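Novice: The following file, final05.csv, comprises CSV, C-alpha atoms:
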```csv
chain,number,residue,atom,x,y,z
A,188,MET,CA,64.1,-3.7,-7.6
A,189,SER,CA,63.6,-6.9,-5.4
A,190,ASN,CA,60.3,-8.7,-5.3
A,191,ALA,CA,59.9,-7.9,-1.6
A,192,ARG,CA,60.5,-4.2,-2.1
A,193,ALA,CA,58.1,-4.1,-5.1
A,194,ARG,CA,55.4,-5.8,-3.0
A,195,LEU,CA,55.9,-3.3,-0.2
A,196,LYS,CA,55.7,-0.4,-2.6
A,197,TYR,CA,52.5,-1.8,-4.2
A,198,LYS,CA,50.9,-2.2,-0.8
A,199,LYS,CA,51.7,1.4,0.1
A,200,PHE,CA,50.1,2.5,-3.2
A,201,ILE,CA,46.9,0.5,-2.5
A,202,SER,CA,46.7,1.9,1.1
A,203,ARG,CA,47.1,5.5,-0.1
A,204,ALA,CA,44.6,4.9,-2.9
A,205,VAL,CA,42.0,3.6,-0.4
A,206,VAL,CA,42.5,6.7,1.8
A,207,LEU,CA,42.0,8.9,-1.2
A,208,VAL,CA,38.9,7.0,-2.4
A,209,GLU,CA,37.4,7.2,1.1
A,210,LYS,CA,38.1,10.9,1.3
A,211,MET,CA,36.6,11.3,-2.1
A,212,LYS,CA,33.4,9.5,-1.1
A,213,LYS,CA,33.0,11.7,2.0
A,214,ASP,CA,33.7,14.8,0.0
A,215,ALA,CA,31.0,13.7,-2.5
A,216,VAL,CA,28.4,13.2,0.3
A,217,LEU,CA,29.1,16.7,1.6
A,218,PHE,CA,29.1,18.2,-1.9
A,219,TYR,CA,25.8,16.6,-2.7
A,220,ARG,CA,24.3,17.6,0.6
A,221,ASP,CA,25.3,21.2,-0.1
A,222,MET,CA,23.9,21.0,-3.6
A,223,GLY,CA,20.7,19.8,-2.0
A,224,ALA,CA,20.6,22.8,0.3
A,225,TRP,CA,21.1,25.2,-2.7
A,226,LEU,CA,18.4,23.3,-4.6
A,227,VAL,CA,15.9,23.8,-1.7
A,228,GLU,CA,16.8,27.5,-1.6
A,229,VAL,CA,16.4,28.0,-5.3
A,230,CYS,CA,13.3,25.9,-5.7
A,231,GLN,CA,11.6,27.8,-2.9
A,232,ASP,CA,12.4,31.2,-4.4
A,233,GLY,CA,9.3,32.7,-6.0
A,234,GLU,CA,11.2,34.8,-8.5
A,235,ILE,CA,13.3,32.0,-9.8
A,236,ARG,CA,10.4,29.6,-9.9
A,237,ALA,CA,8.3,32.2,-11.9
A,238,GLU,CA,11.1,32.7,-14.4
A,239,TYR,CA,11.9,29.0,-15.1
A,240,GLY,CA,8.4,27.6,-14.5
A,241,ARG,CA,7.6,24.0,-13.5
A,242,GLY,CA,10.7,22.6,-15.3
A,243,LEU,CA,13.1,24.2,-12.9
A,244,LEU,CA,14.9,21.0,-12.0
A,245,GLN,CA,15.2,20.0,-15.7
A,246,SER,CA,16.6,23.5,-16.5
A,247,ILE,CA,19.2,23.1,-13.7
A,248,SER,CA,20.0,19.6,-14.9
A,249,ASN,CA,20.5,20.7,-18.5
A,250,ASP,CA,22.8,23.6,-17.6
A,251,LEU,CA,24.9,21.7,-15.1
A,252,THR,CA,25.3,18.7,-17.4
A,253,GLU,CA,26.4,21.0,-20.2
A,254,GLN,CA,29.0,22.9,-18.1
A,255,CYS,CA,30.1,20.1,-15.7
A,256,GLY,CA,29.4,16.8,-17.3
A,257,SER,CA,27.4,13.8,-16.1
A,258,GLY,CA,26.0,13.3,-12.6
A,259,PHE,CA,23.3,16.0,-12.6
A,260,SER,CA,20.3,14.2,-13.9
A,261,VAL,CA,16.9,15.3,-12.6
A,262,ASP,CA,16.7,12.1,-10.5
A,263,ASN,CA,20.1,12.9,-9.0
A,264,LEU,CA,19.2,16.5,-8.2
A,265,TYR,CA,15.9,15.3,-6.7
A,266,ASN,CA,17.8,12.9,-4.4
A,267,MET,CA,20.2,15.6,-3.4
A,268,ARG,CA,17.3,17.8,-2.3
A,269,ARG,CA,15.7,14.9,-0.5
A,270,VAL,CA,18.8,13.9,1.4
A,271,PHE,CA,19.3,17.5,2.5
A,272,SER,CA,15.7,17.7,3.6
A,273,THR,CA,16.0,14.5,5.7
A,274,ARG,CA,19.6,15.2,7.0
A,275,LYS,CA,20.1,18.9,7.5
A,276,LYS,CA,22.6,18.2,10.2
A,277,LEU,CA,24.7,15.7,8.3
A,278,GLU,CA,28.0,15.3,10.1
A,279,THR,CA,31.2,16.7,8.6
A,280,SER,CA,32.6,13.2,8.4
A,281,PRO,CA,29.8,11.1,6.9
A,282,LYS,CA,29.8,7.4,7.9
A,283,LEU,CA,28.1,6.2,4.7
A,284,ASP,CA,28.8,6.9,1.1
A,285,TRP,CA,26.3,8.8,-1.1
A,286,SER,CA,24.6,5.8,-2.5
A,287,GLY,CA,24.0,4.5,1.1
A,288,TYR,CA,22.1,7.7,2.1
A,289,VAL,CA,20.1,7.5,-1.2
A,290,GLU,CA,19.0,3.9,-0.4
A,291,LEU,CA,17.7,5.0,3.0
A,292,LEU,CA,15.4,7.7,1.4
A,293,PRO,CA,12.3,5.5,1.0
A,294,VAL,CA,12.1,5.1,4.8
A,295,LYS,CA,9.7,7.9,5.9
A,296,ASP,CA,9.9,7.2,9.6
A,297,GLU,CA,12.8,9.2,11.0
A,298,ARG,CA,13.4,6.9,13.9
A,299,LEU,CA,13.4,3.8,11.8
A,300,ARG,CA,15.7,5.4,9.2
A,301,ALA,CA,18.1,6.4,12.0
A,302,ARG,CA,18.1,2.8,13.3
A,303,LEU,CA,18.7,1.4,9.8
A,304,GLU,CA,21.5,3.8,9.3
A,305,LYS,CA,23.2,2.8,12.5
A,306,LYS,CA,22.9,-0.8,11.6
A,307,ALA,CA,24.4,-0.1,8.1
A,308,VAL,CA,27.3,1.8,9.6
A,309,LYS,CA,28.0,-0.8,12.3
A,310,GLU,CA,27.9,-3.7,9.9
A,311,GLY,CA,29.6,-1.9,7.0
A,312,LEU,CA,26.8,-2.6,4.6
A,313,ALA,CA,27.2,-1.8,0.9
A,314,ALA,CA,24.4,0.0,-1.0
A,315,ARG,CA,22.8,-3.2,-2.3
A,316,ASP,CA,22.7,-4.6,1.3
A,317,ILE,CA,21.2,-1.3,2.6
A,318,ARG,CA,18.6,-1.6,-0.2
A,319,ARG,CA,17.7,-5.1,1.0
A,320,LEU,CA,17.6,-3.9,4.6
A,321,VAL,CA,15.2,-1.1,3.7
A,322,LYS,CA,13.0,-3.4,1.7
A,323,GLU,CA,12.6,-5.8,4.6
A,324,ALA,CA,12.0,-3.0,7.1
A,325,ARG,CA,9.3,-1.4,4.9
A,326,LYS,CA,7.6,-4.8,4.4
A,327,ASP,CA,7.6,-5.3,8.1
A,328,VAL,CA,6.2,-1.8,8.7
A,329,LYS,CA,3.4,-2.4,6.1
A,330,SER,CA,2.5,-5.7,7.8
A,331,ARG,CA,2.4,-4.1,11.2
A,332,LYS,CA,0.1,-1.4,10.0
A,333,GLU,CA,-2.4,-4.0,8.9
A,334,LEU,CA,-2.6,-5.5,12.3
A,335,PRO,CA,-5.4,-4.5,14.6
A,336,PRO,CA,-4.7,-2.4,17.7
A,337,LEU,CA,-3.7,-4.2,20.9
A,338,VAL,CA,-6.8,-4.9,23.0
A,339,ARG,CA,-6.4,-4.4,26.8
A,340,PRO,CA,-7.9,-7.5,28.6
A,341,THR,CA,-11.1,-6.8,30.5
A,342,ASP,CA,-11.7,-10.1,32.2
A,343,LEU,CA,-9.1,-9.6,35.0
A,344,LYS,CA,-10.4,-11.6,37.9
A,345,LEU,CA,-8.0,-13.0,40.5
A,346,HIS,CA,-8.0,-16.7,41.6
A,347,THR,CA,-10.4,-18.4,39.2
A,348,TYR,CA,-9.7,-22.0,38.6
A,349,LYS,CA,-11.1,-25.1,36.8
A,350,ARG,CA,-11.2,-28.7,37.8
A,351,ALA,CA,-8.1,-30.7,36.9
A,352,GLU,CA,-8.2,-34.2,35.3
A,353,SER,CA,-7.2,-35.7,38.5
A,354,PRO,CA,-10.1,-36.2,40.9
A,355,GLY,CA,-10.2,-33.8,43.8
A,356,ALA,CA,-7.6,-31.4,42.2
A,357,LEU,CA,-7.8,-27.9,40.7
A,358,ASP,CA,-6.0,-26.7,37.7
A,359,LEU,CA,-4.3,-23.5,38.9
A,360,GLY,CA,-2.8,-22.6,35.5
A,361,PHE,CA,0.9,-22.7,34.3
A,362,SER,CA,0.9,-26.6,34.3
A,363,PHE,CA,0.2,-26.6,38.0
A,364,SER,CA,-2.6,-28.7,39.6
A,365,LEU,CA,-3.2,-29.1,43.3
A,366,PRO,CA,-5.3,-31.5,45.4
A,367,VAL,CA,-7.7,-29.5,47.5
A,368,THR,CA,-10.1,-30.4,50.3
A,369,LYS,CA,-13.8,-30.4,49.8
A,370,LYS,CA,-14.1,-27.2,51.9
A,371,GLN,CA,-11.4,-25.4,49.8
A,372,ALA,CA,-13.1,-26.5,46.5
A,373,GLN,CA,-16.4,-25.2,47.7
A,374,SER,CA,-15.0,-21.7,48.6
A,375,ALA,CA,-12.9,-21.4,45.4
A,376,ALA,CA,-14.1,-19.7,42.2
A,377,ILE,CA,-14.3,-22.7,39.8
A,378,THR,CA,-15.3,-22.2,36.2
A,379,ASP,CA,-14.7,-23.7,32.8
A,380,THR,CA,-13.2,-20.5,31.6
A,381,PRO,CA,-10.8,-19.2,34.3
A,382,SER,CA,-9.2,-15.8,33.8
A,383,TYR,CA,-5.7,-16.9,34.6
A,384,THR,CA,-5.0,-13.6,36.3
A,385,TYR,CA,-2.5,-13.6,39.1
A,386,ALA,CA,-0.3,-11.5,41.2
A,387,ALA,CA,3.4,-12.1,40.6
A,388,THR,CA,6.8,-11.0,41.7
A,389,VAL,CA,9.4,-10.0,39.2
A,390,VAL,CA,12.5,-12.2,39.4
A,391,LEU,CA,14.4,-11.1,36.3
A,392,VAL,CA,13.9,-8.9,33.2
A,393,SER,CA,15.4,-10.9,30.4
A,394,ASP,CA,14.8,-8.3,27.7
A,395,GLY,CA,12.2,-5.7,26.9
A,396,ASP,CA,9.4,-8.2,26.2
A,397,THR,CA,10.4,-11.1,28.4
A,398,GLN,CA,10.4,-11.4,32.2
A,399,ARG,CA,10.9,-14.3,34.6
A,400,VAL,CA,8.4,-14.1,37.4
A,401,SER,CA,7.2,-15.9,40.5
A,402,ILE,CA,3.5,-16.4,40.1
A,403,HIS,CA,1.2,-16.5,43.2
A,404,LEU,CA,-1.4,-19.1,42.2
A,405,GLY,CA,-3.3,-19.1,45.5
A,406,PHE,CA,-3.6,-21.9,48.1
A,407,GLY,CA,0.0,-20.9,49.0
A,408,ALA,CA,1.3,-22.3,45.7
A,409,ARG,CA,3.8,-20.5,43.5
A,410,ALA,CA,5.2,-21.2,40.1
A,411,LYS,CA,8.3,-19.7,38.4
A,412,ASP,CA,8.0,-19.2,34.7
A,413,LYS,CA,9.1,-17.0,31.8
A,414,LEU,CA,6.6,-14.7,30.2
A,415,ARG,CA,6.6,-13.2,26.8
A,416,LEU,CA,4.5,-10.0,26.5
A,417,ARG,CA,1.5,-10.6,24.2
A,418,GLY,CA,1.1,-8.8,20.9
A,419,ILE,CA,4.3,-6.9,20.9
A,420,ASN,CA,8.0,-7.3,20.0
A,421,CYS,CA,11.0,-5.4,21.3
A,422,PRO,CA,14.2,-5.1,19.4
A,423,GLU,CA,16.9,-7.7,20.1
A,424,LEU,CA,19.4,-7.2,22.9
A,425,GLY,CA,22.8,-6.0,21.7
A,426,THR,CA,21.1,-3.2,19.6
A,427,PRO,CA,20.7,0.3,21.1
A,428,GLU,CA,17.0,0.0,20.8
A,429,GLY,CA,16.8,-3.4,22.4
A,430,ASP,CA,19.1,-2.4,25.3
A,431,ARG,CA,17.0,0.8,25.8
A,432,ALA,CA,13.8,-1.3,26.0
A,433,LYS,CA,15.2,-3.6,28.5
A,434,LYS,CA,16.6,-0.7,30.6
A,435,TYR,CA,13.2,0.9,30.7
A,436,VAL,CA,11.4,-2.3,31.8
A,437,GLU,CA,14.1,-2.9,34.5
A,438,LYS,CA,13.3,0.6,35.7
A,439,VAL,CA,9.6,0.2,36.0
A,440,LEU,CA,9.7,-3.4,37.1
A,441,PRO,CA,12.6,-3.7,39.5
A,442,VAL,CA,13.4,-7.2,40.9
A,443,GLY,CA,11.0,-8.0,43.7
A,444,SER,CA,8.2,-5.7,42.6
A,445,THR,CA,4.6,-6.8,42.4
A,446,ILE,CA,2.8,-7.0,39.1
A,447,VAL,CA,-0.5,-8.6,37.9
A,448,ILE,CA,-0.3,-10.9,34.9
A,449,LYS,CA,-3.0,-12.2,32.6
A,450,SER,CA,-2.1,-15.3,30.6
A,451,ASN,CA,-3.8,-17.8,28.4
A,452,LYS,CA,-2.8,-21.2,29.8
A,453,CYS,CA,-2.9,-22.9,26.4
A,454,LYS,CA,-1.3,-20.1,24.4
A,455,THR,CA,2.5,-20.1,24.2
A,456,GLU,CA,4.9,-18.9,21.5
A,457,LYS,CA,7.4,-20.9,19.6
A,458,TRP,CA,10.0,-20.9,22.5
A,459,GLY,CA,7.5,-22.3,25.0
A,460,ARG,CA,7.0,-19.1,26.9
A,461,PHE,CA,3.5,-18.2,28.1
A,462,LEU,CA,2.1,-15.1,26.4
A,463,ALA,CA,1.0,-12.6,29.0
A,464,ASP,CA,-0.5,-9.1,29.6
A,465,VAL,CA,1.4,-7.4,32.4
A,466,PHE,CA,0.1,-4.6,34.7
A,467,TYR,CA,2.0,-2.6,37.3
A,468,PHE,CA,1.4,0.3,39.6
A,469,GLY,CA,3.9,2.9,38.4
A,470,LYS,CA,6.5,4.0,40.9
A,471,ASP,CA,4.8,2.3,43.8
A,472,SER,CA,5.4,-1.2,42.3
A,473,SER,CA,8.8,-1.5,43.9
A,474,GLN,CA,7.4,-0.9,47.4
A,475,ASN,CA,5.4,-4.2,47.4
A,476,THR,CA,6.6,-7.2,49.3
A,477,LEU,CA,4.4,-10.3,49.3
A,478,ARG,CA,4.1,-12.3,52.5
A,479,PRO,CA,1.6,-14.9,53.8
A,480,ARG,CA,-1.5,-13.4,55.5
A,481,GLY,CA,-3.5,-16.4,56.5
A,482,ASP,CA,-6.5,-18.1,54.9
A,483,ARG,CA,-9.4,-16.4,53.3
A,484,GLN,CA,-12.3,-18.3,51.8
A,485,GLY,CA,-10.2,-21.5,51.8
A,486,VAL,CA,-7.5,-19.8,49.7
A,487,ARG,CA,-4.2,-18.9,51.3
A,488,ALA,CA,-4.1,-15.2,50.6
A,489,GLU,CA,-1.1,-12.9,50.1
A,490,GLY,CA,-0.5,-9.8,52.2
A,491,TYR,CA,1.5,-6.7,51.5
A,492,LEU,CA,4.1,-4.8,53.5
A,493,ASN,CA,4.9,-1.1,53.4
A,494,GLY,CA,1.4,-0.2,52.4
A,495,GLY,CA,1.9,-0.9,48.7
A,496,PRO,CA,-1.0,-1.3,46.3
A,497,THR,CA,-2.8,-4.6,46.2
A,498,PRO,CA,-3.4,-6.7,43.1
A,499,GLU,CA,-6.9,-5.3,43.0
A,500,ASP,CA,-5.4,-1.8,43.0
A,501,ILE,CA,-3.2,-2.7,40.1
A,502,ILE,CA,-6.1,-4.2,38.2
A,503,ALA,CA,-8.2,-1.1,38.7
A,504,ASP,CA,-5.6,1.7,38.2
A,505,GLY,CA,-2.4,0.0,37.0
A,506,ILE,CA,-0.4,0.7,33.8
A,507,TYR,CA,-0.7,-1.8,31.0
A,508,LEU,CA,2.9,-2.5,30.2
A,509,ASN,CA,2.3,-4.1,26.7
A,510,GLN,CA,0.6,-0.9,25.4
A,511,GLU,CA,3.0,1.4,27.2
A,512,LEU,CA,6.0,-0.1,25.4
A,513,LEU,CA,4.2,0.5,22.1
A,514,ASP,CA,3.3,4.1,23.0
A,515,LYS,CA,6.9,4.9,23.9
A,516,GLY,CA,8.2,3.4,20.7
A,517,LEU,CA,10.1,0.7,22.5
A,518,ALA,CA,8.2,-2.1,20.8
A,519,VAL,CA,6.2,-2.8,17.7
A,520,ARG,CA,2.9,-4.5,17.2
A,521,MET,CA,3.3,-8.1,16.1
A,522,GLU,CA,0.9,-10.8,15.0
A,523,GLU,CA,-0.6,-12.9,17.8
```
Would you put the structure from the file into structure tokens?

Specialist:
Amino acid sequence: MSNARARLKYKKFISRAVVLVEKMKKDAVLFYRDMGAWLVEVCQDGEIRAEYGRGLLQSISNDLTEQCGSGFSVDNLYNMRRVFSTRKKLETSPKLDWSGYVELLPVKDERLRARLEKKAVKEGLAARDIRRLVKEARKDVKSRKELPPLVRPTDLKLHTYKRAESPGALDLGFSFSLPVTKKQAQSAAITDTPSYTYAATVVLVSDGDTQRVSIHLGFGARAKDKLRLRGINCPELGTPEGDRAKKYVEKVLPVGSTIVIKSNKCKTEKWGRFLADVFYFGKDSSQNTLRPRGDRQGVRAEGYLNGGPTPEDIIADGIYLNQELLDKGLAVRMEE
């Protein structure tokens, strides 16, 4: 037999062996799942439990090991029962092998477990990699549980400023200072602790927790900046969860809609984005269109077309986006 023919025959053998091994793995998952179903049924049967007592799993393990060989330890039987209890609708063509499903068992949260499973399938992770993934996820969940609840800001007051370093200028926030007349300064709300609360127009939703907005600073001034929602974190884009979070925010904050933002001028995250709390007025947000409306108390005010809610309406009755994303499971609490 020539070398080329021998190599071809060897490759065919390997290919067939791989197919058989993969089929064996899938059959094993289904077998263990069915075993789990039977174990649940047997262990819940009052008569059987009464006859074999508390050592029921040990009795089953002893008899199956004696008649069928290894693979039926009490721990394995327990895992079979747990996998069935968490995956009663396991597909007929499992996407992970048995050890992968067992490694996912420590994750109690069903939604988190489903996300980790999808990630494991997508990336073709082996059992040891799934174990590491689960360990990191559980550590992250534990750290989040220790964080305090997100606190909704209460000091939402539009158009408050402080004096800038330059004489005769006001610090409007977002690295923006503006020279003002004496009359304008007298009519403006000047304080050492401004609220940094403004109306803004949505320009772009970058992802679930990041938006680019045009901020209405007063005095006819505007600043475009990127905001990062304070205290929360949405999954990364490119993942089903991250894409779902972005899609939801795009739905409630369509481009051109009016929102109210509350930011800390000096508090930015590592990428230089201002951390902000965002409020919107539900379905009516998309009806707002800002336009100049003349001067009021020395500050060039903003008017609203189409009878949409004003920033004051949004402050009083608007939806707090940061908390809403947490409540809907589209974001997780993160350290501030």

Novice: Of the candidates A:Ser362, A:Ser374, A:Thr341, A:Ser450, which one gets nearest to Ala386 in chain A if we count only C-alpha atoms?

Specialist: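 Smallest separation from Ala386 in chain A among the options: A:Ser450.
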
Novice: If you take all atoms listed in the file and a cut-off of 10 Å, which residues of range 286-353 of chain A touch range 424-438 of chain A, and what are their nearest atom pairs and distances in Å to one decimal, in chain and number order, as a tab-separated table?

Specialist:
```
residue	atom	partner	partner_atom	distance
A:Arg302	CA	A:Glu428	CA	8.1
A:Lys305	CA	A:Pro427	CA	9.3
A:Lys306	CA	A:Thr426	CA	8.5
```

Novice: Taking (29.9, 0.2, 0.7) as a centre in this file's frame and 7 Å as the limit, can you find every polymer residue with an atom that close, using only C-alpha atoms, and give them as a PyMOL selection string?

Specialist: chain A and resi 284+311-314

Novice: Measuring between all atoms listed in the file, which one of A:Phe259, A:Tyr467, A:Tyr197, A:Trp285 shows the shortest distance to Arg220 in chain A?

Specialist: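 Comparing A:Phe259, A:Tyr467, A:Tyr197, A:Trp285 against Arg220 in chain A, the winner is A:Trp285.
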
Novice: Between CA of Val439 in chain A and CA of His403 in chain A, what is the distance, to one decimal in Å?

Specialist: 20.0 Å

Novice: For a quick check of understanding, using all atoms listed in the file, which of A:Val442, A:Leu414, A:Leu508, A:Val294 has the smallest distance to Lys326 in chain A?

Specialist: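 Looking at the shortest contact to Lys326 in chain A, the residue is A:Val294.
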
Novice: Tell me which protein, DNA and RNA residues are within 9 Å of Thr368 in chain A, counting all atoms listed in the file, leaving out same-chain ones fewer than 3 positions away, and put them as a VMD selection string.

Specialist: chain A and resid 355 to 356 371 to 373

Novice: With all atoms listed in the file as the atoms that count, which of A:Ile506, A:Ile402, A:Leu462, A:Ala387 lies nearest to Val447 in chain A?

Specialist: A:Ala387

Novice: Got a sec: who's within 9 Å of Ser364 in chain A, counting all atoms listed in the file, leaving out chain neighbours fewer than 4 positions off, as JSON, numbers by chain?

Specialist: {"A": [350, 351, 352, 353, 356, 357, 358, 359, 360]}
